[in-house]
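Engineer: File follows, target.txt with compact mmCIF, C-alpha atoms:
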```
# COMPACT_ATOMS: atom_id res chain seq x y z
CA MET A 1 -28.17 4.96 16.02
CA THR A 2 -30.46 7.81 14.96
CA ALA A 3 -30.29 9.39 11.52
CA THR A 4 -28.90 12.53 13.12
CA GLU A 5 -26.11 10.51 14.71
CA LEU A 6 -25.37 8.71 11.44
CA ALA A 7 -25.11 12.02 9.57
CA ARG A 8 -22.26 13.05 11.87
CA TYR A 9 -20.22 10.13 10.55
CA ILE A 10 -20.45 11.27 6.95
CA ASP A 11 -17.98 13.29 4.86
CA HIS A 12 -20.18 14.30 1.92
CA THR A 13 -17.86 14.10 -1.05
CA MET A 14 -17.49 15.60 -4.54
CA LEU A 15 -14.11 15.07 -6.20
CA LYS A 16 -14.92 14.79 -9.91
CA ALA A 17 -12.58 16.71 -12.21
CA ASP A 18 -15.46 18.38 -14.05
CA ALA A 19 -17.55 19.39 -11.04
CA GLY A 20 -18.33 23.10 -10.89
CA PRO A 21 -20.27 25.59 -8.76
CA ALA A 22 -23.62 23.89 -9.41
CA GLU A 23 -22.35 20.60 -7.99
CA PHE A 24 -20.69 22.30 -5.01
CA ASP A 25 -23.80 24.36 -4.23
CA ARG A 26 -25.81 21.16 -4.13
CA LEU A 27 -23.15 19.44 -2.02
CA CYS A 28 -23.29 22.24 0.57
CA ASP A 29 -27.10 22.41 0.55
CA GLU A 30 -27.33 18.67 1.17
CA ALA A 31 -24.71 18.86 3.92
CA ILE A 32 -26.74 21.55 5.69
CA ARG A 33 -30.05 19.74 5.17
CA PHE A 34 -28.81 16.44 6.61
CA GLY A 35 -26.25 17.77 9.06
CA PHE A 36 -23.27 15.90 7.62
CA ARG A 37 -19.96 16.07 9.47
CA ALA A 38 -18.00 17.56 6.58
CA VAL A 39 -17.87 18.16 2.87
CA CYS A 40 -14.84 16.78 1.06
CA VAL A 41 -13.57 18.54 -2.08
CA ASN A 42 -10.45 19.18 -4.16
CA SER A 43 -8.31 22.10 -2.99
CA ALA A 44 -9.39 24.47 -5.78
CA TRP A 45 -12.92 24.43 -4.31
CA VAL A 46 -12.16 24.81 -0.59
CA GLN A 47 -12.61 28.56 -0.51
CA TYR A 48 -15.88 28.32 -2.43
CA VAL A 49 -17.50 25.75 -0.13
CA SER A 50 -16.05 27.38 3.01
CA ARG A 51 -17.87 30.59 2.19
CA ARG A 52 -21.15 28.76 1.63
CA LEU A 53 -20.81 26.79 4.86
CA SER A 54 -19.67 29.57 7.19
CA ASP A 55 -21.33 29.14 10.59
CA ALA A 56 -23.17 25.99 9.44
CA GLY A 57 -21.23 23.72 11.80
CA ILE A 58 -20.02 21.57 8.91
CA ALA A 59 -16.28 21.11 8.43
CA VAL A 60 -14.55 21.56 5.10
CA CYS A 61 -12.16 18.78 4.15
CA SER A 62 -9.61 19.10 1.33
CA VAL A 63 -7.93 16.19 -0.39
CA VAL A 64 -4.18 16.61 -0.97
CA GLY A 65 -1.88 14.90 -3.47
CA PHE A 66 -5.02 13.33 -4.78
CA PRO A 67 -5.69 10.71 -6.03
CA LEU A 68 -2.26 9.29 -6.94
CA GLY A 69 -0.23 10.23 -3.85
CA ALA A 70 2.80 10.60 -6.12
CA MET A 71 3.11 14.36 -5.76
CA LYS A 72 6.34 15.63 -4.22
CA SER A 73 6.12 15.89 -0.40
CA SER A 74 6.82 19.62 -0.29
CA ALA A 75 4.00 20.18 -2.79
CA LYS A 76 1.58 18.11 -0.69
CA ALA A 77 2.55 20.26 2.29
CA PHE A 78 2.03 23.46 0.31
CA GLU A 79 -1.37 22.30 -0.96
CA ALA A 80 -2.47 21.35 2.57
CA LYS A 81 -1.37 24.68 4.03
CA ALA A 82 -3.13 26.59 1.25
CA ALA A 83 -6.31 24.58 1.81
CA VAL A 84 -6.25 25.36 5.53
CA ALA A 85 -5.76 29.05 4.72
CA ASP A 86 -8.86 28.81 2.53
CA GLY A 87 -10.96 27.31 5.33
CA ALA A 88 -10.24 23.57 5.44
CA ARG A 89 -10.27 22.05 8.91
CA GLU A 90 -9.57 18.51 7.72
CA ILE A 91 -7.00 17.21 5.21
CA ASP A 92 -7.27 13.84 3.43
CA MET A 93 -3.85 13.13 1.92
CA VAL A 94 -2.85 10.12 -0.16
CA LEU A 95 -0.02 7.87 1.00
CA ALA A 96 3.11 7.78 -1.17
CA VAL A 97 1.94 4.37 -2.36
CA GLY A 98 4.75 3.69 -4.84
CA ALA A 99 7.58 4.45 -2.42
CA PHE A 100 5.81 2.58 0.39
CA LYS A 101 5.25 -0.57 -1.68
CA ALA A 102 8.88 -0.48 -2.81
CA GLY A 103 9.90 -0.73 0.86
CA ASP A 104 10.79 2.91 1.50
CA ALA A 105 8.83 3.31 4.73
CA GLU A 106 11.01 6.26 5.71
CA TYR A 107 9.97 8.21 2.61
CA ALA A 108 6.28 7.42 3.13
CA SER A 109 6.50 8.42 6.79
CA ASP A 110 8.38 11.65 6.08
CA ASP A 111 5.83 12.46 3.38
CA ILE A 112 3.05 12.40 6.01
CA ARG A 113 5.15 14.43 8.46
CA TRP A 114 5.67 17.11 5.79
CA VAL A 115 1.91 17.61 5.69
CA ARG A 116 1.37 17.21 9.44
CA GLU A 117 3.92 19.96 10.15
CA ALA A 118 2.47 22.29 7.50
CA ILE A 119 -0.96 22.45 9.11
CA GLU A 120 -2.31 23.50 12.50
CA PRO A 121 -2.13 20.89 15.30
CA ASP A 122 -5.93 20.90 15.54
CA THR A 123 -6.42 20.32 11.80
CA ILE A 124 -7.57 16.73 11.35
CA LEU A 125 -5.24 14.71 9.10
CA LYS A 126 -6.44 11.56 7.38
CA VAL A 127 -4.12 9.34 5.35
CA ILE A 128 -5.64 7.39 2.46
CA ILE A 129 -3.71 4.13 2.14
CA GLU A 130 -5.47 3.01 -1.09
CA THR A 131 -6.30 -0.53 0.04
CA ALA A 132 -6.84 -1.91 -3.47
CA MET A 133 -3.12 -1.51 -4.16
CA LEU A 134 -1.90 -3.12 -0.92
CA SER A 135 -1.61 -6.63 0.49
CA ASP A 136 -3.05 -7.24 3.96
CA ASP A 137 0.43 -6.98 5.46
CA GLU A 138 0.97 -3.70 3.61
CA LYS A 139 -2.40 -2.38 4.85
CA ARG A 140 -1.35 -3.12 8.43
CA ALA A 141 2.09 -1.58 7.99
CA ALA A 142 0.72 1.52 6.24
CA SER A 143 -1.88 2.07 8.96
CA ALA A 144 0.71 1.81 11.72
CA LEU A 145 3.11 4.05 9.80
CA ALA A 146 0.43 6.70 9.28
CA ALA A 147 -0.53 6.62 12.96
CA ASN A 148 3.09 7.04 14.00
CA ALA A 149 3.58 9.94 11.59
CA GLY A 150 0.71 11.91 13.11
CA ALA A 151 -2.44 10.88 11.25
CA ASP A 152 -5.73 11.32 13.11
CA PHE A 153 -7.44 8.87 10.77
CA VAL A 154 -6.49 6.18 8.28
CA LYS A 155 -8.78 5.95 5.27
CA THR A 156 -9.39 3.12 2.84
CA CYS A 157 -9.73 4.32 -0.79
CA THR A 158 -9.54 7.36 -3.02
CA GLY A 159 -12.39 6.07 -5.18
CA PHE A 160 -10.12 6.54 -8.24
CA GLY A 161 -7.79 3.57 -7.77
CA GLY A 162 -10.25 0.70 -7.89
CA GLY A 163 -11.44 -1.36 -4.96
CA ALA A 164 -13.85 -0.45 -2.21
CA ALA A 165 -14.02 -0.26 1.56
CA SER A 166 -14.70 -3.61 3.27
CA PRO A 167 -15.50 -4.49 6.90
CA GLU A 168 -12.43 -6.73 6.92
CA ASP A 169 -10.14 -3.85 5.92
CA ILE A 170 -11.76 -1.51 8.46
CA ALA A 171 -11.14 -4.01 11.28
CA LEU A 172 -7.58 -4.66 10.14
CA MET A 173 -6.75 -0.95 9.83
CA LYS A 174 -8.32 -0.15 13.21
CA ASP A 175 -6.28 -2.84 14.87
CA ALA A 176 -3.04 -1.71 13.21
CA ALA A 177 -3.52 2.02 13.73
CA GLY A 178 -4.35 1.70 17.42
CA PRO A 179 -7.03 3.13 19.70
CA ASN A 180 -6.20 6.80 19.22
CA VAL A 181 -6.66 6.85 15.45
CA GLY A 182 -10.00 6.84 13.62
CA VAL A 183 -10.82 4.85 10.52
CA LYS A 184 -12.63 6.35 7.54
CA ALA A 185 -14.42 3.98 5.18
CA SER A 186 -14.52 5.34 1.64
CA GLY A 187 -14.96 3.79 -1.78
CA GLY A 188 -18.18 2.05 -2.74
CA VAL A 189 -20.17 3.06 0.36
CA ARG A 190 -23.40 3.85 -1.47
CA ASP A 191 -26.25 2.76 0.81
CA TYR A 192 -27.36 2.55 4.42
CA ASP A 193 -26.64 -1.16 4.89
CA THR A 194 -23.07 -0.81 3.63
CA ALA A 195 -22.49 2.25 5.81
CA MET A 196 -23.75 0.43 8.91
CA ARG A 197 -21.55 -2.59 8.15
CA MET A 198 -18.54 -0.27 8.09
CA ILE A 199 -19.50 1.35 11.38
CA ASP A 200 -20.12 -2.06 12.97
CA ALA A 201 -16.62 -3.08 11.84
CA GLY A 202 -15.12 -0.03 13.57
CA ALA A 203 -15.32 2.85 11.09
CA THR A 204 -15.54 6.21 12.82
CA ARG A 205 -16.11 8.18 9.61
CA ILE A 206 -17.74 7.43 6.26
CA GLY A 207 -16.71 9.10 3.01
CA ALA A 208 -19.47 8.98 0.39
CA VAL A 209 -20.77 10.56 -2.77
CA SER A 210 -24.13 8.84 -2.17
CA SER A 211 -24.65 10.31 1.29
CA VAL A 212 -28.23 11.30 0.57
CA ALA A 213 -29.08 7.71 -0.45
CA ILE A 214 -27.49 6.50 2.80
CA MET A 215 -29.66 8.89 4.80
CA GLU A 216 -32.78 7.87 2.90
CA GLY A 217 -32.01 4.28 3.88
CA ALA A 218 -31.66 5.37 7.50
CA GLY A 219 -35.05 7.10 7.28
CA ARG A 220 -36.70 3.91 6.07
CA CYS A 221 -35.18 1.97 8.98
CA GLU A 222 -36.60 4.42 11.53
CA GLU A 223 -40.12 4.28 10.10
CA MET B 1 9.69 8.77 -41.01
CA THR B 2 12.47 6.63 -39.57
CA ALA B 3 12.19 4.86 -36.22
CA THR B 4 14.77 7.29 -34.82
CA GLU B 5 12.62 10.21 -35.92
CA LEU B 6 9.48 8.64 -34.47
CA ALA B 7 11.18 8.10 -31.10
CA ARG B 8 11.74 11.84 -30.80
CA TYR B 9 7.97 12.34 -30.82
CA ILE B 10 7.43 10.13 -27.79
CA ASP B 11 7.08 11.06 -24.11
CA HIS B 12 7.58 7.67 -22.46
CA THR B 13 5.14 7.70 -19.56
CA MET B 14 4.67 6.06 -16.14
CA LEU B 15 2.09 7.70 -13.90
CA LYS B 16 0.63 4.80 -11.90
CA ALA B 17 0.15 5.48 -8.20
CA ASP B 18 1.93 2.30 -7.16
CA ALA B 19 4.94 2.56 -9.50
CA GLY B 20 8.28 2.45 -7.71
CA PRO B 21 12.01 2.47 -8.49
CA ALA B 22 11.85 -0.77 -10.50
CA GLU B 23 9.28 0.72 -12.89
CA PHE B 24 11.19 4.02 -13.19
CA ASP B 25 14.49 2.25 -13.79
CA ARG B 26 12.88 0.34 -16.65
CA LEU B 27 11.27 3.54 -17.97
CA CYS B 28 14.65 5.28 -18.10
CA ASP B 29 16.44 2.30 -19.60
CA GLU B 30 13.85 2.05 -22.38
CA ALA B 31 14.03 5.79 -23.00
CA ILE B 32 17.81 5.57 -23.45
CA ARG B 33 17.59 2.43 -25.59
CA PHE B 34 15.06 3.89 -28.03
CA GLY B 35 16.04 7.56 -27.80
CA PHE B 36 12.65 8.83 -26.68
CA ARG B 37 12.10 12.57 -26.41
CA ALA B 38 11.20 12.57 -22.72
CA VAL B 39 10.05 10.51 -19.79
CA CYS B 40 6.85 11.67 -18.10
CA VAL B 41 6.35 10.98 -14.37
CA ASN B 42 4.62 12.28 -11.25
CA SER B 43 6.48 15.02 -9.39
CA ALA B 44 7.64 12.76 -6.55
CA TRP B 45 9.80 10.84 -9.06
CA VAL B 46 11.34 13.71 -11.03
CA GLN B 47 14.53 13.84 -9.02
CA TYR B 48 14.96 10.06 -9.27
CA VAL B 49 14.61 9.87 -13.05
CA SER B 50 16.61 13.09 -13.58
CA ARG B 51 19.60 11.51 -11.88
CA ARG B 52 19.32 8.38 -14.00
CA LEU B 53 19.00 10.37 -17.22
CA SER B 54 21.70 12.97 -16.64
CA ASP B 55 23.53 13.64 -19.90
CA ALA B 56 21.36 11.14 -21.83
CA GLY B 57 19.71 13.83 -23.95
CA ILE B 58 16.26 12.82 -22.74
CA ALA B 59 14.05 15.44 -21.11
CA VAL B 60 12.23 14.86 -17.84
CA CYS B 61 8.58 15.87 -17.86
CA SER B 62 6.52 16.23 -14.67
CA VAL B 63 2.75 16.20 -14.52
CA VAL B 64 1.19 18.87 -12.29
CA GLY B 65 -2.24 19.00 -10.64
CA PHE B 66 -2.64 15.55 -12.04
CA PRO B 67 -4.98 13.98 -13.03
CA LEU B 68 -8.00 15.99 -11.81
CA GLY B 69 -6.80 19.55 -12.48
CA ALA B 70 -8.81 20.63 -9.42
CA MET B 71 -5.82 21.52 -7.28
CA LYS B 72 -5.55 25.16 -6.18
CA SER B 73 -3.62 27.30 -8.70
CA SER B 74 -0.91 28.34 -6.25
CA ALA B 75 -0.33 24.66 -5.41
CA LYS B 76 -0.02 23.79 -9.12
CA ALA B 77 2.55 26.57 -9.44
CA PHE B 78 4.45 25.32 -6.39
CA GLU B 79 4.47 21.75 -7.68
CA ALA B 80 5.72 22.90 -11.10
CA LYS B 81 8.49 25.03 -9.63
CA ALA B 82 9.59 22.18 -7.34
CA ALA B 83 9.62 19.76 -10.29
CA VAL B 84 11.80 22.14 -12.31
CA ALA B 85 14.18 22.45 -9.35
CA ASP B 86 14.40 18.65 -9.33
CA GLY B 87 15.31 18.51 -13.02
CA ALA B 88 12.07 18.71 -15.03
CA ARG B 89 12.38 20.59 -18.31
CA GLU B 90 8.76 20.03 -19.33
CA ILE B 91 5.54 20.41 -17.31
CA ASP B 92 2.23 18.75 -18.24
CA MET B 93 -0.47 20.47 -16.18
CA VAL B 94 -4.17 19.68 -16.15
CA LEU B 95 -6.70 22.37 -17.09
CA ALA B 96 -9.06 23.53 -14.32
CA VAL B 97 -11.76 21.51 -16.06
CA GLY B 98 -14.59 22.17 -13.60
CA ALA B 99 -14.19 25.94 -13.57
CA PHE B 100 -13.71 26.02 -17.34
CA LYS B 101 -16.84 23.98 -18.07
CA ALA B 102 -18.84 26.20 -15.71
CA GLY B 103 -17.90 29.16 -17.91
CA ASP B 104 -15.14 30.66 -15.79
CA ALA B 105 -12.58 31.09 -18.56
CA GLU B 106 -10.78 33.74 -16.52
CA TYR B 107 -10.10 31.28 -13.70
CA ALA B 108 -8.91 28.58 -16.11
CA SER B 109 -6.64 31.05 -17.89
CA ASP B 110 -5.21 32.49 -14.68
CA ASP B 111 -4.60 28.94 -13.46
CA ILE B 112 -2.32 28.32 -16.45
CA ARG B 113 -0.58 31.68 -16.00
CA TRP B 114 0.17 30.79 -12.35
CA VAL B 115 2.17 27.81 -13.60
CA ARG B 116 3.70 29.61 -16.60
CA GLU B 117 5.06 32.34 -14.34
CA ALA B 118 6.40 29.87 -11.77
CA ILE B 119 8.72 28.12 -14.24
CA GLU B 120 11.58 29.19 -16.47
CA PRO B 121 10.64 30.74 -19.83
CA ASP B 122 12.40 27.88 -21.63
CA THR B 123 10.56 25.18 -19.66
CA ILE B 124 8.02 23.59 -21.98
CA LEU B 125 4.45 23.87 -20.69
CA LYS B 126 1.72 21.51 -21.92
CA VAL B 127 -1.90 21.88 -20.90
CA ILE B 128 -4.02 18.72 -20.76
CA ILE B 129 -7.57 19.70 -21.66
CA GLU B 130 -9.07 16.23 -20.90
CA THR B 131 -11.04 15.86 -24.14
CA ALA B 132 -13.41 13.16 -22.83
CA MET B 133 -14.99 15.74 -20.52
CA LEU B 134 -15.41 18.46 -23.17
CA SER B 135 -17.72 19.14 -26.10
CA ASP B 136 -16.09 20.01 -29.42
CA ASP B 137 -16.77 23.70 -28.80
CA GLU B 138 -15.20 23.40 -25.36
CA LYS B 139 -12.15 21.61 -26.84
CA ARG B 140 -11.67 24.51 -29.26
CA ALA B 141 -12.12 27.15 -26.57
CA ALA B 142 -9.83 25.36 -24.12
CA SER B 143 -7.10 25.00 -26.75
CA ALA B 144 -7.25 28.69 -27.66
CA LEU B 145 -7.33 29.69 -23.99
CA ALA B 146 -4.29 27.55 -23.19
CA ALA B 147 -2.37 28.98 -26.14
CA ASN B 148 -3.17 32.53 -25.05
CA ALA B 149 -2.12 31.79 -21.48
CA GLY B 150 1.34 30.66 -22.55
CA ALA B 151 1.10 26.94 -23.24
CA ASP B 152 3.67 25.50 -25.64
CA PHE B 153 1.48 22.45 -26.26
CA VAL B 154 -2.12 21.41 -25.79
CA LYS B 155 -2.59 17.77 -24.86
CA THR B 156 -5.60 15.49 -25.17
CA CYS B 157 -6.04 13.20 -22.14
CA THR B 158 -4.67 12.36 -18.72
CA GLY B 159 -5.38 8.66 -19.25
CA PHE B 160 -7.29 8.66 -15.94
CA GLY B 161 -10.47 10.45 -17.03
CA GLY B 162 -11.73 8.11 -19.72
CA GLY B 163 -11.58 8.69 -23.44
CA ALA B 164 -8.62 8.53 -25.79
CA ALA B 165 -6.80 10.67 -28.31
CA SER B 166 -8.43 10.77 -31.75
CA PRO B 167 -7.23 12.22 -35.08
CA GLU B 168 -10.35 14.42 -35.12
CA ASP B 169 -9.49 15.96 -31.75
CA ILE B 170 -5.85 16.47 -32.76
CA ALA B 171 -6.89 18.36 -35.89
CA LEU B 172 -9.44 20.43 -34.00
CA MET B 173 -7.01 21.32 -31.21
CA LYS B 174 -4.23 22.19 -33.68
CA ASP B 175 -6.56 24.50 -35.56
CA ALA B 176 -7.79 26.21 -32.38
CA ALA B 177 -4.39 26.56 -30.70
CA GLY B 178 -2.71 28.07 -33.74
CA PRO B 179 0.56 27.48 -35.58
CA ASN B 180 2.89 28.27 -32.70
CA VAL B 181 1.53 25.65 -30.32
CA GLY B 182 2.21 21.92 -30.50
CA VAL B 183 -0.34 19.18 -29.96
CA LYS B 184 0.38 16.12 -27.81
CA ALA B 185 -1.72 13.01 -28.39
CA SER B 186 -2.13 10.96 -25.22
CA GLY B 187 -4.61 8.39 -24.02
CA GLY B 188 -4.98 5.06 -25.79
CA VAL B 189 -1.99 5.45 -28.13
CA ARG B 190 -0.75 1.88 -27.79
CA ASP B 191 0.62 0.87 -31.20
CA TYR B 192 2.48 2.15 -34.25
CA ASP B 193 -0.57 2.58 -36.49
CA THR B 194 -2.39 4.67 -33.90
CA ALA B 195 0.71 6.80 -33.29
CA MET B 196 1.11 7.45 -37.02
CA ARG B 197 -2.56 8.39 -37.38
CA MET B 198 -2.05 11.01 -34.65
CA ILE B 199 1.05 12.42 -36.33
CA ASP B 200 -0.70 12.49 -39.70
CA ALA B 201 -3.52 14.47 -38.06
CA GLY B 202 -1.02 17.03 -36.76
CA ALA B 203 0.28 15.72 -33.45
CA THR B 204 3.80 16.96 -32.71
CA ARG B 205 4.23 14.81 -29.59
CA ILE B 206 2.91 11.41 -28.46
CA GLY B 207 2.41 10.46 -24.82
CA ALA B 208 2.40 6.71 -24.31
CA VAL B 209 2.87 3.96 -21.78
CA SER B 210 3.24 1.47 -24.65
CA SER B 211 6.10 3.30 -26.32
CA VAL B 212 8.16 0.14 -26.77
CA ALA B 213 5.24 -1.55 -28.60
CA ILE B 214 4.98 1.51 -30.84
CA MET B 215 8.68 1.27 -31.69
CA GLU B 216 8.43 -2.45 -32.35
CA GLY B 217 5.65 -1.67 -34.84
CA ALA B 218 7.92 0.90 -36.48
CA GLY B 219 10.66 -1.71 -36.73
CA ARG B 220 8.36 -4.13 -38.53
CA CYS B 221 7.39 -1.42 -41.01
CA GLU B 222 11.03 -0.74 -41.87
CA GLU B 223 11.87 -4.39 -42.48
```
Let's see the structure in the file written out as structure tokens.

Structural biologist:
Amino acid sequence: MTATELARYIDHTMLKADAGPAEFDRLCDEAIRFGFRAVCVNSAWVQYVSRRLSDAGIAVCSVVGFPLGAMKSSAKAFEAKAAVADGAREIDMVLAVGAFKAGDAEYASDDIRWVREAIEPDTILKVIIETAMLSDDEKRAASALAANAGADFVKTCTGFGGGAASPEDIALMKDAAGPNVGVKASGGVRDYDTAMRMIDAGATRIGAVSSVAIMEGAGRCEE
Amino acid sequence: MTATELARYIDHTMLKADAGPAEFDRLCDEAIRFGFRAVCVNSAWVQYVSRRLSDAGIAVCSVVGFPLGAMKSSAKAFEAKAAVADGAREIDMVLAVGAFKAGDAEYASDDIRWVREAIEPDTILKVIIETAMLSDDEKRAASALAANAGADFVKTCTGFGGGAASPEDIALMKDAAGPNVGVKASGGVRDYDTAMRMIDAGATRIGAVSSVAIMEGAGRCEE
């Protein structure tokens, strides 16, 4: 895989509460320089980064109900729709982890459908299952549930709930979600070797804060 | 102060992503048993706890834009309005920390007004300024800004962004917010002595997960 190809796997991410225009300017500049697939931000910043990235061929991704997933479904749907209106073409929502773990699969599924129906059919929807809070059986069930509710991707971690992406979880989630759903590895993917292990395990997208470090590792491997 | 009086300072809190009905049942039962002022939950659980607490004289408080404060203003307003419709009588929203720290006081102020105007005038609005991310000057400015934008309380920490309430911050926030605005101490208030230090410094509300431990400490002091 060339560095250019690797860059198209990466959602370059900035979700810190105290990030401001300086951080988002840098995020966008780096995304343009390396040709990342998307930038991933909180919904308050979607309009700002969309303006900076217009015509750059880099998608804007907004998180929704983030990072706890315990926001009311109608509010997740509203936030997603508002983010799309501001320029987001991808939505990374958090599973209703508490309801799901308590056995209320119907609530967790309906929660995803609320968001799916609030956005355009061609808007990519990723569902973060927050692997650190789930057993392996729960990871499988959550991945299948998300796929059935209309997710385009299942995603490992928010980065705020502990844990990290692992090749084992990527393989498990890919198997459970089926061939038509992508898998995004996020949480603790901070260097080239880790990113490549995720892709080898089946990840079709990487979410990372340390995207530039990943690309620098790729550069060293090509030398 | 009697234990009964102390209990009326306490917002009994459960905000974990993976909390489910069992945790919220316990939260409500403890709130009734000790006579806490309110229970504080994520918006997905407001309807559930409101039903359990009907006629118990305990307010339901919903967090909004929690815990990052980087959700779009209109989405914070929607979430707050939906929570009130589900039974919330208090809203704890998170300041737009990133915009505020970057110097955009107008955005941070308008963000609060969006929520203030979306809820009933008698719904209590608290603004979490997330002290761990602010300098002392920023804490003062954020407290004054929140008061001017219609907050009934300023509040120290989300509990997810590091840091903890301190008597120094309580005094500083109380001074900056003025006499008509309450101060809620939250983050790291886990025992009776800490709770009393906050109240002595001027806190008019305590947010705690460990509310029962605080009350047990009060019981020992009365013996």

Engineer: Find the residues of chain A in contact range of chain B, meaning any atom within 6 Å when counting only C-alpha atoms, and list them as a ChimeraX atom specification.

Structural biologist: /A:17-20,42-44,68,70-72,75,79,97-99,102

Engineer: What's the separation between CA of Ile129 in chain A and CA of Ile10 in chain A, in Å to one decimal place?

Structural biologist: 18.8 Å

Engineer: Rounded to one decimal, what separation in Å do you get between CA of Ala185 in chain A and CA of Gly202 in chain A?

Structural biologist: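 Going from CA of Ala185 in chain A over to CA of Gly202 in chain A, I get 9.3 Å.
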
Engineer: Looking at only C-alpha atoms, which of B:Lys139, B:Arg190, B:Arg8, B:Arg89 is the one that sits closest to Ser50 in chain B?

Structural biologist: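 Of B:Lys139, B:Arg190, B:Arg8, B:Arg89, the one nearest Ser50 in chain B, counting only C-alpha atoms, is B:Arg89.
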
Engineer: Could you give me the axis-aligned bounding box of range 108-118 of chain A, with 5 Å of padding per side, as centre plus edge lengths in Å to one decimal, as JSON?

Structural biologist:
```
{"center_x": 4.9, "center_y": 14.9, "center_z": 6.6, "size_x": 17.0, "size_y": 24.9, "size_z": 17.0}
```

Engineer: Between CA of Ile112 in chain A and CA of Gly57 in chain A, measure the distance and give it in Å to one decimal.

Structural biologist: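 Value for the CA of Ile112 in chain A-CA of Gly57 in chain A distance: 27.4 Å.
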
Engineer: Would you pick out the contacts of Asn180 in chain B at 9 Å or less, using all atoms listed in the file, so that residues sharing its chain but fewer than 5 positions from it are not included, and give the list as a list in words?

Structural biologist: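 Close residues of Asn180 in chain B: Ala147, Asp152 and Phe153 of chain B.
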
Engineer: Between B:Met215, B:Ala149, B:Ala144, B:Ala105, single out the one closest to Met173 in chain B, counting only C-alpha atoms.

Structural biologist: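 Ranking B:Met215, B:Ala149, B:Ala144, B:Ala105 by distance to Met173 in chain B, first place goes to B:Ala144.
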
Engineer: Compile the contact shell of Pro121 in chain B as a ChimeraX atom specification: residues with an atom at most 12 Å away, counting only C-alpha atoms, same-chain residues fewer than 3 positions apart removed.

Structural biologist: /B:81,84,89-91,113,115-118,124-125,150-152

Engineer: Could you write out that same residue set with C-alpha atoms as an mmCIF file, keeping the file's coordinate frame?

Structural biologist:
```
data_model
loop_
_atom_site.group_PDB
_atom_site.id
_atom_site.type_symbol
_atom_site.label_atom_id
_atom_site.label_comp_id
_atom_site.auth_asym_id
_atom_site.auth_seq_id
_atom_site.Cartn_x
_atom_site.Cartn_y
_atom_site.Cartn_z
ATOM 1 C CA LYS B 81 8.490 25.030 -9.630
ATOM 2 C CA VAL B 84 11.800 22.140 -12.310
ATOM 3 C CA ARG B 89 12.380 20.590 -18.310
ATOM 4 C CA GLU B 90 8.760 20.030 -19.330
ATOM 5 C CA ILE B 91 5.540 20.410 -17.310
ATOM 6 C CA ARG B 113 -0.580 31.680 -16.000
ATOM 7 C CA VAL B 115 2.170 27.810 -13.600
ATOM 8 C CA ARG B 116 3.700 29.610 -16.600
ATOM 9 C CA GLU B 117 5.060 32.340 -14.340
ATOM 10 C CA ALA B 118 6.400 29.870 -11.770
ATOM 11 C CA ILE B 124 8.020 23.590 -21.980
ATOM 12 C CA LEU B 125 4.450 23.870 -20.690
ATOM 13 C CA GLY B 150 1.340 30.660 -22.550
ATOM 14 C CA ALA B 151 1.100 26.940 -23.240
ATOM 15 C CA ASP B 152 3.670 25.500 -25.640
#
```

Engineer: Given only C-alpha atoms as the basis, pick out the residue of A:Arg140, A:His12, A:Ala218, A:Lys174 nearest to Ser186 in chain A.

Structural biologist: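 Among the listed residues, the smallest separation from Ser186 in chain A belongs to A:His12.
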
Engineer: For Ala164 in chain A, which residue among A:Val189, A:Val212, A:Ala108, A:Ile199 is the nearest when counting all atoms listed in the file?

Structural biologist: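 Closest to Ala164 in chain A of all the choices is A:Val189.
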
Engineer: Place a sphere of radius 7 Å on (-19.2, 12.8, 9.3) in the file coordinates and name every protein, DNA or RNA residue with an atom inside or on its surface, counting all atoms listed in the file; give the answer as JSON, numbers by chain.

Structural biologist: {"A": [7, 8, 9, 10, 11, 36, 37, 38, 205, 206]}

Engineer: Please provide the set of residues having any atom within 12 Å of Asp136 in chain B, restricted to only C-alpha atoms, with same-chain residues fewer than 4 positions apart removed, written as a PyMOL selection string.

Structural biologist: chain B and resi 129-132+140-143+168-173+176
